[in-house]
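First the structure, in the form of structure tokens, and then the observations on it.
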Amino acid sequence: MNLFHPKFDFWFPLCLIIIAFITLNPVFSSTQTGLWQVGIARVDITPADTLWMAGYAARNHPAEGTSHKLWAKAIAVQDSSGYTGLLITTDLLGFPKNLSDSIRDRLIQKYGLSRAQVILNSSHTHSGPVLRQGLYDIYPLTAAHIEKIENYSRQLSDKIVSLAGEAIKNKRPMRLFADNGLVRFQVNRRNNETSTLSTFSHLNGPNDYAVPVLKAVNPAGEPAAILFGYACHATTLDEYFWSGDYPGYAQLTLEQMYPGVCALFFQGCGADQNPIPRRSDNLARQYGLELAAAVDRVVRESASPPLAPELTTGYMEIDLTLATPPTLQELRDFAKQVKGYRLNWANNMIKKLQNGGTLPQSVPCPVQIWKLGDQVIITLGGEVVVDYAIRLKEIFGQNVFVMGYSNDVMAYIPTVRILREGGYEGATAQMVYGLPSSWQADIETRIIHAVLQLADKMGIRPHEENVLEE
């Protein structure tokens with residue numbers, strides 16, 4: 001065929017232009033190197049009704065208003081093979097097992113997402129609502145209060161399931177980048193006295209100042225979502241107004257810095273870490289600004305390569321054994337000496353035993369791993385102390401992301417050291433969660449072994465040989 005025939009004088013140059021355009025401006029697709037399909041969504045979960053607030057046993061009445069809205073946010077990531085992971089972050093104290101299981105069961109039924117493919121994380125704000133069967137022992141709840149909590153929990157479940165569907169529907173081609181920043185307002189509350197902290201020249205105790213950041217960037221090179229975390233209790237505020245505390249302010253700040261971006265916060269292993277000083281809205285704003293500045297620096301400066309669009313997930317639940325519970329007589333003697341939530345706990349234990357019931361001997365704990373390209377994310381259930389993040393980073397490398405407060409917040413998760421030391425995290429916090437006793441001394445070994453076992457199944461190798469030697 002003679003392409004220079006007069007009938008081709010117009011079409012041939014046009015074809016060359018089209019070919020050149022396609023070559024220089026490739027169409028984005030999930031199979032192209034470095035590209036994921038990423039969907040983002042959010043929903044307002046601020047209670048419309050008057051509810052009790054979760055986190056402080058000293059509160060004596062329900063919430064009075066709203067400082068700023070509470071949010072549930074979702075990011076769905078799909079790799080080049082079509083495999084999807086869904087991470088949901090929330091401005092909540094933590095998901096009790098019954099609610100978490102219900103939500104994840106619905107996600108299996110509606111979207112085909114297994115336990116391994118879903119992470120439910122909470123910021124652990126102490127300015128969010130009480131949830132169904134969560135910390136009921138520490139509040140003087142009436143039947144009317146419980147009915148409101150039940151109604152809110154049902155609505156929350158519906159919203160999160162719909163949120164998941166919206167994030168999945170919104171998937172678009174994007175690149176993912178991961179890196180770590182640094183900020184230093186967390187203080188180990190077990191080793192530093194709050195009232196005299198201003199006189200200290202140094203801080204005591206283990207800490208993890210890392211700020212893990214995962215950013216999703218659209219084809220134009222602009223951030224579309226910023227997922228970030230920190231290991232520190234969200235306890236700056238103790239008022240009666242709904243608030244995301246410092247994580248809420250950090251998210252708001254980043255969304256102001258990057259209009260159109262969805263900022264999502266996840267809580268790390270901050271069970272023994274507090275923002276200190278605290279107890280003012282201005283301090284919550286300050287810590288939010290500090291955290292947002294650390295994230296902003298990573299977003300702007302990080303030169304890490306994009307994560308390959310390969311997602312691997314794993315999930316298991318392990319039984320954590322409880323120590324020998326108190327006898328009925330020991331509970332009766334204890335009840336005569338205490339008041340408040342401790343008395344409520346003792347009376348509930350006594351009632352259960354007198355009615356012929358038994359006290360639990362173990363509690364399931366979820367352990368989960370995601371691997372996005374070469375970025376490893378480890379999630380643990382419960383209020384996990386910082387030692388676990390430190391140990392897991394020693395094993396798998398300093399760049400690993402470690403989340404606590406994921407999928408089920410059933411109790412504090414101390415190490416052997418903290419069990420021996422006692423104190424709130426090591427002993428009495430179990431009462432808050434309605435457990436009859438603290439943990440057996442093998443809790444730390446069980447959890448680390450479970451992570452290693454799951455990682456091995458997923459082909460993730462530790463960075464050191466003798467990972468369990470102390």
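Simple scheme: letters A, B, ... for chains in structure tokens order, numbers from 1 for residues in each chain, numbers from 1 for ligands in the order shown.
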
For the contact check between region 130-238 of chain A and region 394-406 of chain A, emit one row per residue of region 130-238 of chain A within 10 Å, containing the shortest atom pair and the distance in Å rounded to one decimal, counting only C-alpha atoms, chain then rising number order, as a tab-separated table.
residue	atom	partner	partner_atom	distance
A:Ala178	CA	A:Asn399	CA	8.8
A:Asp179	CA	A:Asn399	CA	7.2
A:Asn180	CA	A:Asn399	CA	6.8
A:Ala210	CA	A:Asn399	CA	9.0
A:Val211	CA	A:Phe401	CA	9.0
A:Pro212	CA	A:Phe401	CA	6.2
A:Val213	CA	A:Phe401	CA	8.8
A:Leu214	CA	A:Phe401	CA	9.7
A:Phe228	CA	A:Phe401	CA	9.7
A:Gly229	CA	A:Met403	CA	8.0
A:Tyr230	CA	A:Met403	CA	8.8
A:Ala231	CA	A:Met403	CA	8.2

query = Any idea what's packed within 10 Å of Val416 (chain A), counting only C-alpha atoms, ignoring anything in its chain fewer than 5 positions away? Could you give it as a list in words?
reply =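 Here the qualifying residues turn out to be Glu421, Gly422, Gly426, Trp439, Gln440, Ala441, Asp442, Ile443, Glu444 and Thr445 of chain A.
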
query = Pick from A:Asn274, A:Ala144, A:Gln251, A:Glu383: nearest to Asn188 (chain A), with only C-alpha atoms counted?
reply =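 Using only C-alpha atoms, the shortest distance to Asn188 (chain A) belongs to A:Asn274.
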
message = So that I can check the surroundings of Thr415 (chain A), please list as a VMD selection string every protein, DNA and RNA residue that reaches within 8 Å of it, counting only C-alpha atoms and ignoring chain neighbours fewer than 2 positions away.
response = chain A and resid 385 387 to 388 413 417 to 419 443 to 444

Next, the residues of the selection above should be written as a PDB file, in the first residue's frame with C-alpha atoms.
ATOM      1  CA  VAL A 385       2.934  -1.277  74.864  1.00  0.00           C
ATOM      2  CA  ASP A 387       8.270  -2.575  73.693  1.00  0.00           C
ATOM      3  CA  TYR A 388       6.535  -4.686  71.019  1.00  0.00           C
ATOM      4  CA  ILE A 413      -0.925  -6.069  76.097  1.00  0.00           C
ATOM      5  CA  ARG A 417       8.940  -6.801  82.176  1.00  0.00           C
ATOM      6  CA  ILE A 418       5.760  -4.789  82.725  1.00  0.00           C
ATOM      7  CA  LEU A 419       3.941  -7.822  84.152  1.00  0.00           C
ATOM      8  CA  ILE A 443       2.264 -13.499  76.623  1.00  0.00           C
ATOM      9  CA  GLU A 444       5.231 -11.766  75.001  1.00  0.00           C
TER      10      GLU A 444
END

task = Using DSSP on the backbone coordinates, identify all residues within region 193-375 of chain A classified as strand (DSSP E); present the result as a ChimeraX atom specification.
result = /A:210-217,223-230,241-242,262-267,273-275,311-321,362-372,375

Identify, on the basis of only C-alpha atoms, every residue whose closest approach to Arg332 (chain A) does not exceed 9 Å; exclude the query and any residue fewer than 4 positions from it along the same chain; express the result as a PDB file with C-alpha atoms, in the first residue's frame.
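Contents of the output file part31.pdb:
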ATOM      1  CA  THR A 327     -11.434 -16.967  94.278  1.00  0.00           C
ATOM      2  CA  LEU A 328     -14.963 -15.990  95.273  1.00  0.00           C
ATOM      3  CA  LYS A 336     -14.957  -4.359 100.730  1.00  0.00           C
ATOM      4  CA  ALA A 346     -15.532  -7.176  91.679  1.00  0.00           C
ATOM      5  CA  ASN A 347     -19.323  -7.256  91.931  1.00  0.00           C
ATOM      6  CA  ILE A 350     -18.915 -12.238  92.123  1.00  0.00           C
TER       7      ILE A 350
END

With only C-alpha atoms as the counted atoms, please give the residues lying no more than 9 Å from region 278-280 of chain A, apart from itself and same-chain residues fewer than 4 positions off, as a CSV table (one decimal) with C-alpha atoms, in the first residue's frame.
chain,number,residue,atom,x,y,z
A,235,THR,CA,-5.3,11.5,76.0
A,236,THR,CA,-4.5,15.2,75.7
A,237,LEU,CA,-8.1,16.1,76.4
A,238,ASP,CA,-10.5,15.0,79.2
A,239,GLU,CA,-13.4,17.3,78.6
A,274,ASN,CA,1.2,9.8,76.8
A,284,ALA,CA,-3.9,19.0,71.5
A,285,ARG,CA,-3.6,21.4,68.6
